[in-house]
Amino acid sequence: MHGPNREEAKVKRSASLLAMIVALLPALSPAMPGQLAEGELAKSIVPVDLHVSFVPPPFRGDGQLGLAYELRLANFRNIELTLTQVDVFPLEDRTHSLLSLAGPDLVQCLLRPGKPPGMERPELLAGGEFAVVMLWVIMDPGQPVPSSIAHRATFRLVRGDGSKSELPVEGAVIYPPAQTLLPVCPPLGRGRWLMANGPGMLGEHRLFLHSLDGRASNTQRLASDWMLLGPDGRLVKDDPEDNADWYSYGEPVLAVADAIVVDAADGIPENVPLSDERAVPNKRETMTGNYVVLNLAEDTFAFYGHLQPGSVRVQVGDHVRAGQELGRIGNSGNSDAPHLHFHVANGSDPLSGEGLPFSLTSFAVLEVLDVPFWERMLVENEPWEQTVAAEPKLHEAEMPVGEAIIEFR
């Protein structure tokens with residue numbers, strides 16, 4: 001064939017295949033669990049690719065064992081499919097659900113990279129479109145992480161005559177790493193600290209999925225922001241537009257373990273607190289502000305961001321000891337107010353790589369907060385007042401999660 005004839009044939013073949021798929025989808029829905037051998041996934045011709053690009057080691061937080069990762073779904077045919085449910089289950093026991101998301105719970109965990117914010121139906125995947133489901137899988141009490149985990153995505157197909165079918169597809173088998181990071185020391189000194197944007201199902205850092213250097217990653221998957229509370233329970237002494245009046249400003253940031261400095265930057269000027277403008281243009285080289293990166297172990301790096309200019313006390317190649325001062329809290333880079341951004345990842349680049357869980361030797365949770373309250377603490381300088389009289393529980397060898405007032409002792 002030559003010229004238009006070849007293109008015409010391609011269109012006819014595509015249309016024929018599409019018609020066949022639409023016709024067969026209801027008949028070839030996955031088999032029931034009892035019809036499958038142990039560890040077997042159901043067959044399906046639903047034209048969706050399920051993929052997990054990276055699985056971090058399990059984390060321990062709030063007395064629970066869990067996994068935080070992302071499931072990507074791509075629609076490979078020109079059929080509109082509506083995602084209605086996502087299930088996570090052990091491959092050896094597909095009747096046991098580790099996590100099931102549907103309705104509003106699913107929609108709030110759904111990202112549509114490249115789409116405008118606030119799209120009306122993020123669960124609708126047209127032909128050639130993809131979505132990302134943010135998964136936060138908590139194990140049953142006392143149970144280990146399964147050695148293999150699979151995923152089931154259920155889609156609704158609406159035909160031209162108005163009839164509907166629910167079409168599940170299974171796949172994306174993962175094998176979670178068994179190892180966990182050894183507990184490290186806190187990155188800050190004694191005191192009461194607001195941990196904002198902390199690790200959680202829908203934390204702000206968790207949603208920072210982006211593509212750099214030719215690959216998509218989630219470097220800040222389990223990152224957190226830290227601000228010191230004063231004796232009055234406030235974040236600011238007097239003038240919120242003066243960096244020096246924030247209790248956090250100038251506080252030392254500390255090496256969490258014996259480590260090697262593999263990257264550092266200094267000299268980026270600071271922002272006016274709570275201003276929409278930045279002291280320097282917000283780009284890759286300046287977004288993280290002044291920072292230090294430590295190599296804790298093989299493929300394990302700790303990142304400290306937004307430091308005070310002129311405060312970085314280490315250089316690349318330095319060997320540091322746990323508790324050693326690295327620099328001081330500032331308000332540089334993409335920062336609204338003086339704070340420490342801290343995360344652990346599998347690469348030394350501050351913005352490229354995969355975020356990893358970490359655990360701290362010990363900390364106390366004074367109170368779990370909701371986002372609106374800590375935002376008022378930040379913007380309106382509303383004080384936090386301790387309402388729980390009992391001695392707070394001391395957490396050991398865990399990762400602090402969510403939004404909370406954390407005390408290091």
# chains A, B, ... in the order shown; residues from 1 in each chain; ligands from 1
$ residues_around --residues "Arg206 in chain A" --least-positions-apart "6" --cutoff "12 Å" --atoms "only C-alpha atoms" --output "ChimeraX atom specification"
/A:68-70,109-111,133-136,197-200,217-224,343,354-357,401-402
$ write_last_selection --atoms "N, CA and C atoms" --output "PDB file, in the first residue's frame"
ATOM      1  N   ALA A  68       3.727   3.971  51.366  1.00  0.00           N
ATOM      2  CA  ALA A  68       3.283   5.176  50.664  1.00  0.00           C
ATOM      3  C   ALA A  68       3.891   5.163  49.267  1.00  0.00           C
ATOM      4  N   TYR A  69       3.031   5.069  48.251  1.00  0.00           N
ATOM      5  CA  TYR A  69       3.519   5.035  46.873  1.00  0.00           C
ATOM      6  C   TYR A  69       2.391   5.456  45.930  1.00  0.00           C
ATOM      7  N   GLU A  70       2.644   5.396  44.625  1.00  0.00           N
ATOM      8  CA  GLU A  70       1.685   5.876  43.646  1.00  0.00           C
ATOM      9  C   GLU A  70       1.403   4.811  42.584  1.00  0.00           C
ATOM     10  N   CYS A 109      -7.738  11.369  46.202  1.00  0.00           N
ATOM     11  CA  CYS A 109      -6.402  10.766  46.086  1.00  0.00           C
ATOM     12  C   CYS A 109      -5.932  10.697  44.642  1.00  0.00           C
ATOM     13  N   LEU A 110      -6.690  11.303  43.735  1.00  0.00           N
ATOM     14  CA  LEU A 110      -6.437  11.176  42.303  1.00  0.00           C
ATOM     15  C   LEU A 110      -5.753  12.431  41.772  1.00  0.00           C
ATOM     16  N   LEU A 111      -4.611  12.244  41.137  1.00  0.00           N
ATOM     17  CA  LEU A 111      -3.915  13.344  40.473  1.00  0.00           C
ATOM     18  C   LEU A 111      -4.046  13.181  38.965  1.00  0.00           C
ATOM     19  N   VAL A 133      -2.919   7.600  41.249  1.00  0.00           N
ATOM     20  CA  VAL A 133      -3.620   7.425  42.521  1.00  0.00           C
ATOM     21  C   VAL A 133      -2.576   7.380  43.637  1.00  0.00           C
ATOM     22  N   MET A 134      -2.712   8.303  44.600  1.00  0.00           N
ATOM     23  CA  MET A 134      -1.801   8.362  45.732  1.00  0.00           C
ATOM     24  C   MET A 134      -2.252   7.339  46.771  1.00  0.00           C
ATOM     25  N   LEU A 135      -1.414   6.358  47.047  1.00  0.00           N
ATOM     26  CA  LEU A 135      -1.791   5.262  47.943  1.00  0.00           C
ATOM     27  C   LEU A 135      -1.051   5.375  49.283  1.00  0.00           C
ATOM     28  N   TRP A 136      -1.812   5.188  50.341  1.00  0.00           N
ATOM     29  CA  TRP A 136      -1.287   5.189  51.716  1.00  0.00           C
ATOM     30  C   TRP A 136      -1.874   3.936  52.367  1.00  0.00           C
ATOM     31  N   ASN A 197       2.671  20.127  56.903  1.00  0.00           N
ATOM     32  CA  ASN A 197       2.847  19.416  55.624  1.00  0.00           C
ATOM     33  C   ASN A 197       3.627  18.118  55.831  1.00  0.00           C
ATOM     34  N   GLY A 198       3.331  17.430  56.930  1.00  0.00           N
ATOM     35  CA  GLY A 198       4.066  16.217  57.255  1.00  0.00           C
ATOM     36  C   GLY A 198       3.595  15.016  56.449  1.00  0.00           C
ATOM     37  N   PRO A 199       4.293  13.885  56.595  1.00  0.00           N
ATOM     38  CA  PRO A 199       3.923  12.681  55.856  1.00  0.00           C
ATOM     39  C   PRO A 199       2.485  12.276  56.132  1.00  0.00           C
ATOM     40  N   GLY A 200       1.749  12.019  55.079  1.00  0.00           N
ATOM     41  CA  GLY A 200       0.357  11.627  55.227  1.00  0.00           C
ATOM     42  C   GLY A 200      -0.273  11.309  53.890  1.00  0.00           C
ATOM     43  N   SER A 217       9.118  11.580  39.290  1.00  0.00           N
ATOM     44  CA  SER A 217       9.455  11.056  40.607  1.00  0.00           C
ATOM     45  C   SER A 217       8.713  11.849  41.672  1.00  0.00           C
ATOM     46  N   ASN A 218       8.806  11.380  42.891  1.00  0.00           N
ATOM     47  CA  ASN A 218       8.161  12.040  44.027  1.00  0.00           C
ATOM     48  C   ASN A 218       9.189  12.173  45.151  1.00  0.00           C
ATOM     49  N   THR A 219      10.088  13.134  44.970  1.00  0.00           N
ATOM     50  CA  THR A 219      11.192  13.323  45.909  1.00  0.00           C
ATOM     51  C   THR A 219      10.701  13.651  47.311  1.00  0.00           C
ATOM     52  N   GLN A 220       9.639  14.446  47.394  1.00  0.00           N
ATOM     53  CA  GLN A 220       9.160  14.931  48.682  1.00  0.00           C
ATOM     54  C   GLN A 220       7.994  14.097  49.212  1.00  0.00           C
ATOM     55  N   ARG A 221       7.935  12.856  48.813  1.00  0.00           N
ATOM     56  CA  ARG A 221       6.833  11.960  49.182  1.00  0.00           C
ATOM     57  C   ARG A 221       6.552  11.972  50.695  1.00  0.00           C
ATOM     58  N   LEU A 222       7.609  12.023  51.515  1.00  0.00           N
ATOM     59  CA  LEU A 222       7.451  11.939  52.971  1.00  0.00           C
ATOM     60  C   LEU A 222       8.177  13.097  53.660  1.00  0.00           C
ATOM     61  N   ALA A 223       8.172  14.238  53.008  1.00  0.00           N
ATOM     62  CA  ALA A 223       8.850  15.420  53.542  1.00  0.00           C
ATOM     63  C   ALA A 223       8.006  16.101  54.622  1.00  0.00           C
ATOM     64  N   SER A 224       8.625  17.050  55.331  1.00  0.00           N
ATOM     65  CA  SER A 224       7.920  17.805  56.366  1.00  0.00           C
ATOM     66  C   SER A 224       8.571  19.174  56.536  1.00  0.00           C
ATOM     67  N   HIS A 343      13.654  16.163  54.275  1.00  0.00           N
ATOM     68  CA  HIS A 343      13.192  14.899  53.705  1.00  0.00           C
ATOM     69  C   HIS A 343      14.366  13.962  53.479  1.00  0.00           C
ATOM     70  N   GLU A 354      13.509   9.647  44.544  1.00  0.00           N
ATOM     71  CA  GLU A 354      12.322   9.113  45.196  1.00  0.00           C
ATOM     72  C   GLU A 354      12.415   9.277  46.704  1.00  0.00           C
ATOM     73  N   GLY A 355      11.357   9.861  47.284  1.00  0.00           N
ATOM     74  CA  GLY A 355      11.311  10.061  48.718  1.00  0.00           C
ATOM     75  C   GLY A 355      11.231   8.756  49.478  1.00  0.00           C
ATOM     76  N   LEU A 356      11.957   8.686  50.592  1.00  0.00           N
ATOM     77  CA  LEU A 356      12.021   7.480  51.424  1.00  0.00           C
ATOM     78  C   LEU A 356      11.489   7.775  52.824  1.00  0.00           C
ATOM     79  N   PRO A 357      10.941   6.762  53.500  1.00  0.00           N
ATOM     80  CA  PRO A 357      10.574   6.948  54.900  1.00  0.00           C
ATOM     81  C   PRO A 357      11.818   7.038  55.772  1.00  0.00           C
ATOM     82  N   VAL A 401       4.008  11.635  61.642  1.00  0.00           N
ATOM     83  CA  VAL A 401       3.118  11.738  60.491  1.00  0.00           C
ATOM     84  C   VAL A 401       2.090  12.844  60.705  1.00  0.00           C
ATOM     85  N   GLY A 402       1.568  13.339  59.583  1.00  0.00           N
ATOM     86  CA  GLY A 402       0.485  14.313  59.610  1.00  0.00           C
ATOM     87  C   GLY A 402       0.934  15.704  60.000  1.00  0.00           C
TER      88      GLY A 402
END
$ residues_around --residues "Lys115 in chain A" --least-positions-apart "2" --cutoff "12 Å" --atoms "only C-alpha atoms" --output "PyMOL selection string"
chain A and resi 110-113+117-122+124-125+129-132
$ select_by_dssp --residues "range 70-208 of chain A" --states "helix (DSSP H, G or I)" --output "VMD selection string"
chain A and resid 103 to 107 205 to 207
$ residues_around --residues "Gly353 in chain A" --least-positions-apart "3" --cutoff "12 Å" --atoms "only C-alpha atoms" --output "PyMOL selection string"
chain A and resi 53-54+56+208-221+299-303+343-350+356
$ residues_around --residues "Pro383 in chain A" --least-positions-apart "6" --cutoff "12 Å" --atoms "only C-alpha atoms" --output "PyMOL selection string"
chain A and resi 194+229-237+373-377+405
$ decode --residues "range 141-180 of chain A" --atoms "N, CA and C atoms" --output "PDB file, in the first residue's frame"
ATOM      1  N   PRO A 141      -3.230  -4.458  62.305  1.00  0.00           N
ATOM      2  CA  PRO A 141      -2.376  -4.471  63.509  1.00  0.00           C
ATOM      3  C   PRO A 141      -1.667  -5.805  63.692  1.00  0.00           C
ATOM      4  N   GLY A 142      -0.376  -5.731  63.899  1.00  0.00           N
ATOM      5  CA  GLY A 142       0.416  -6.920  64.142  1.00  0.00           C
ATOM      6  C   GLY A 142       0.786  -7.716  62.913  1.00  0.00           C
ATOM      7  N   GLN A 143       0.326  -7.271  61.737  1.00  0.00           N
ATOM      8  CA  GLN A 143       0.603  -8.020  60.510  1.00  0.00           C
ATOM      9  C   GLN A 143       1.777  -7.403  59.748  1.00  0.00           C
ATOM     10  N   PRO A 144       2.616  -8.231  59.130  1.00  0.00           N
ATOM     11  CA  PRO A 144       3.736  -7.699  58.339  1.00  0.00           C
ATOM     12  C   PRO A 144       3.258  -7.209  56.977  1.00  0.00           C
ATOM     13  N   VAL A 145       4.129  -6.525  56.273  1.00  0.00           N
ATOM     14  CA  VAL A 145       3.837  -6.134  54.897  1.00  0.00           C
ATOM     15  C   VAL A 145       3.909  -7.385  54.023  1.00  0.00           C
ATOM     16  N   PRO A 146       2.890  -7.673  53.217  1.00  0.00           N
ATOM     17  CA  PRO A 146       2.946  -8.850  52.344  1.00  0.00           C
ATOM     18  C   PRO A 146       4.145  -8.799  51.409  1.00  0.00           C
ATOM     19  N   SER A 147       4.647  -9.962  51.066  1.00  0.00           N
ATOM     20  CA  SER A 147       5.819 -10.013  50.183  1.00  0.00           C
ATOM     21  C   SER A 147       5.495  -9.585  48.770  1.00  0.00           C
ATOM     22  N   SER A 148       4.231  -9.732  48.352  1.00  0.00           N
ATOM     23  CA  SER A 148       3.814  -9.289  47.027  1.00  0.00           C
ATOM     24  C   SER A 148       2.409  -8.700  47.123  1.00  0.00           C
ATOM     25  N   ILE A 149       2.194  -7.600  46.425  1.00  0.00           N
ATOM     26  CA  ILE A 149       0.929  -6.861  46.489  1.00  0.00           C
ATOM     27  C   ILE A 149       0.481  -6.555  45.065  1.00  0.00           C
ATOM     28  N   ALA A 150      -0.814  -6.691  44.808  1.00  0.00           N
ATOM     29  CA  ALA A 150      -1.368  -6.389  43.489  1.00  0.00           C
ATOM     30  C   ALA A 150      -2.465  -5.336  43.620  1.00  0.00           C
ATOM     31  N   HIS A 151      -2.936  -4.851  42.471  1.00  0.00           N
ATOM     32  CA  HIS A 151      -3.895  -3.759  42.430  1.00  0.00           C
ATOM     33  C   HIS A 151      -5.027  -4.084  41.469  1.00  0.00           C
ATOM     34  N   ARG A 152      -6.223  -3.647  41.849  1.00  0.00           N
ATOM     35  CA  ARG A 152      -7.398  -3.805  40.994  1.00  0.00           C
ATOM     36  C   ARG A 152      -8.036  -2.431  40.784  1.00  0.00           C
ATOM     37  N   ALA A 153      -8.172  -2.022  39.532  1.00  0.00           N
ATOM     38  CA  ALA A 153      -8.857  -0.777  39.201  1.00  0.00           C
ATOM     39  C   ALA A 153     -10.149  -1.126  38.481  1.00  0.00           C
ATOM     40  N   THR A 154     -11.253  -0.574  38.943  1.00  0.00           N
ATOM     41  CA  THR A 154     -12.552  -0.841  38.330  1.00  0.00           C
ATOM     42  C   THR A 154     -13.024   0.402  37.591  1.00  0.00           C
ATOM     43  N   PHE A 155     -13.433   0.186  36.333  1.00  0.00           N
ATOM     44  CA  PHE A 155     -13.862   1.291  35.473  1.00  0.00           C
ATOM     45  C   PHE A 155     -15.320   1.081  35.056  1.00  0.00           C
ATOM     46  N   ARG A 156     -16.003   2.194  34.838  1.00  0.00           N
ATOM     47  CA  ARG A 156     -17.357   2.150  34.282  1.00  0.00           C
ATOM     48  C   ARG A 156     -17.305   2.543  32.811  1.00  0.00           C
ATOM     49  N   LEU A 157     -17.891   1.704  31.956  1.00  0.00           N
ATOM     50  CA  LEU A 157     -18.001   1.979  30.532  1.00  0.00           C
ATOM     51  C   LEU A 157     -19.454   2.283  30.206  1.00  0.00           C
ATOM     52  N   VAL A 158     -19.715   3.411  29.555  1.00  0.00           N
ATOM     53  CA  VAL A 158     -21.060   3.786  29.126  1.00  0.00           C
ATOM     54  C   VAL A 158     -21.109   3.701  27.606  1.00  0.00           C
ATOM     55  N   ARG A 159     -22.006   2.875  27.087  1.00  0.00           N
ATOM     56  CA  ARG A 159     -22.107   2.693  25.644  1.00  0.00           C
ATOM     57  C   ARG A 159     -23.034   3.738  25.015  1.00  0.00           C
ATOM     58  N   GLY A 160     -23.057   3.716  23.723  1.00  0.00           N
ATOM     59  CA  GLY A 160     -23.895   4.666  22.995  1.00  0.00           C
ATOM     60  C   GLY A 160     -25.363   4.526  23.301  1.00  0.00           C
ATOM     61  N   ASP A 161     -25.823   3.307  23.633  1.00  0.00           N
ATOM     62  CA  ASP A 161     -27.241   3.104  23.946  1.00  0.00           C
ATOM     63  C   ASP A 161     -27.576   3.397  25.406  1.00  0.00           C
ATOM     64  N   GLY A 162     -26.567   3.875  26.164  1.00  0.00           N
ATOM     65  CA  GLY A 162     -26.798   4.220  27.565  1.00  0.00           C
ATOM     66  C   GLY A 162     -26.543   3.103  28.539  1.00  0.00           C
ATOM     67  N   SER A 163     -26.328   1.880  28.055  1.00  0.00           N
ATOM     68  CA  SER A 163     -26.039   0.761  28.960  1.00  0.00           C
ATOM     69  C   SER A 163     -24.654   0.927  29.578  1.00  0.00           C
ATOM     70  N   LYS A 164     -24.475   0.349  30.798  1.00  0.00           N
ATOM     71  CA  LYS A 164     -23.228   0.518  31.537  1.00  0.00           C
ATOM     72  C   LYS A 164     -22.673  -0.840  31.952  1.00  0.00           C
ATOM     73  N   SER A 165     -21.345  -0.899  32.074  1.00  0.00           N
ATOM     74  CA  SER A 165     -20.671  -2.087  32.594  1.00  0.00           C
ATOM     75  C   SER A 165     -19.583  -1.650  33.549  1.00  0.00           C
ATOM     76  N   GLU A 166     -19.417  -2.419  34.644  1.00  0.00           N
ATOM     77  CA  GLU A 166     -18.310  -2.209  35.572  1.00  0.00           C
ATOM     78  C   GLU A 166     -17.202  -3.194  35.214  1.00  0.00           C
ATOM     79  N   LEU A 167     -16.027  -2.681  34.885  1.00  0.00           N
ATOM     80  CA  LEU A 167     -14.963  -3.488  34.301  1.00  0.00           C
ATOM     81  C   LEU A 167     -13.703  -3.416  35.151  1.00  0.00           C
ATOM     82  N   PRO A 168     -13.407  -4.466  35.917  1.00  0.00           N
ATOM     83  CA  PRO A 168     -12.166  -4.463  36.705  1.00  0.00           C
ATOM     84  C   PRO A 168     -10.982  -4.952  35.887  1.00  0.00           C
ATOM     85  N   VAL A 169      -9.805  -4.438  36.213  1.00  0.00           N
ATOM     86  CA  VAL A 169      -8.557  -4.905  35.623  1.00  0.00           C
ATOM     87  C   VAL A 169      -7.531  -5.006  36.746  1.00  0.00           C
ATOM     88  N   GLU A 170      -6.751  -6.076  36.748  1.00  0.00           N
ATOM     89  CA  GLU A 170      -5.775  -6.306  37.808  1.00  0.00           C
ATOM     90  C   GLU A 170      -4.361  -6.293  37.255  1.00  0.00           C
ATOM     91  N   GLY A 171      -3.426  -5.867  38.098  1.00  0.00           N
ATOM     92  CA  GLY A 171      -2.038  -5.850  37.662  1.00  0.00           C
ATOM     93  C   GLY A 171      -1.156  -5.069  38.616  1.00  0.00           C
ATOM     94  N   ALA A 172      -0.040  -4.559  38.081  1.00  0.00           N
ATOM     95  CA  ALA A 172       0.925  -3.754  38.840  1.00  0.00           C
ATOM     96  C   ALA A 172       1.347  -4.468  40.131  1.00  0.00           C
ATOM     97  N   VAL A 173       1.846  -5.687  39.995  1.00  0.00           N
ATOM     98  CA  VAL A 173       2.329  -6.421  41.164  1.00  0.00           C
ATOM     99  C   VAL A 173       3.625  -5.788  41.659  1.00  0.00           C
ATOM    100  N   ILE A 174       3.702  -5.559  42.952  1.00  0.00           N
ATOM    101  CA  ILE A 174       4.897  -4.968  43.554  1.00  0.00           C
ATOM    102  C   ILE A 174       5.437  -5.893  44.637  1.00  0.00           C
ATOM    103  N   TYR A 175       6.716  -5.747  44.909  1.00  0.00           N
ATOM    104  CA  TYR A 175       7.397  -6.548  45.928  1.00  0.00           C
ATOM    105  C   TYR A 175       8.081  -5.585  46.897  1.00  0.00           C
ATOM    106  N   PRO A 176       7.370  -5.172  47.942  1.00  0.00           N
ATOM    107  CA  PRO A 176       7.905  -4.148  48.852  1.00  0.00           C
ATOM    108  C   PRO A 176       9.235  -4.557  49.454  1.00  0.00           C
ATOM    109  N   PRO A 177      10.187  -3.617  49.519  1.00  0.00           N
ATOM    110  CA  PRO A 177      11.467  -3.929  50.181  1.00  0.00           C
ATOM    111  C   PRO A 177      11.247  -4.281  51.638  1.00  0.00           C
ATOM    112  N   ALA A 178      12.069  -5.176  52.120  1.00  0.00           N
ATOM    113  CA  ALA A 178      11.937  -5.601  53.515  1.00  0.00           C
ATOM    114  C   ALA A 178      12.654  -4.651  54.464  1.00  0.00           C
ATOM    115  N   GLN A 179      13.713  -3.978  53.971  1.00  0.00           N
ATOM    116  CA  GLN A 179      14.537  -3.189  54.870  1.00  0.00           C
ATOM    117  C   GLN A 179      13.867  -1.870  55.233  1.00  0.00           C
ATOM    118  N   THR A 180      14.181  -1.381  56.410  1.00  0.00           N
ATOM    119  CA  THR A 180      13.763  -0.051  56.840  1.00  0.00           C
ATOM    120  C   THR A 180      14.998   0.710  57.312  1.00  0.00           C
TER     121      THR A 180
END
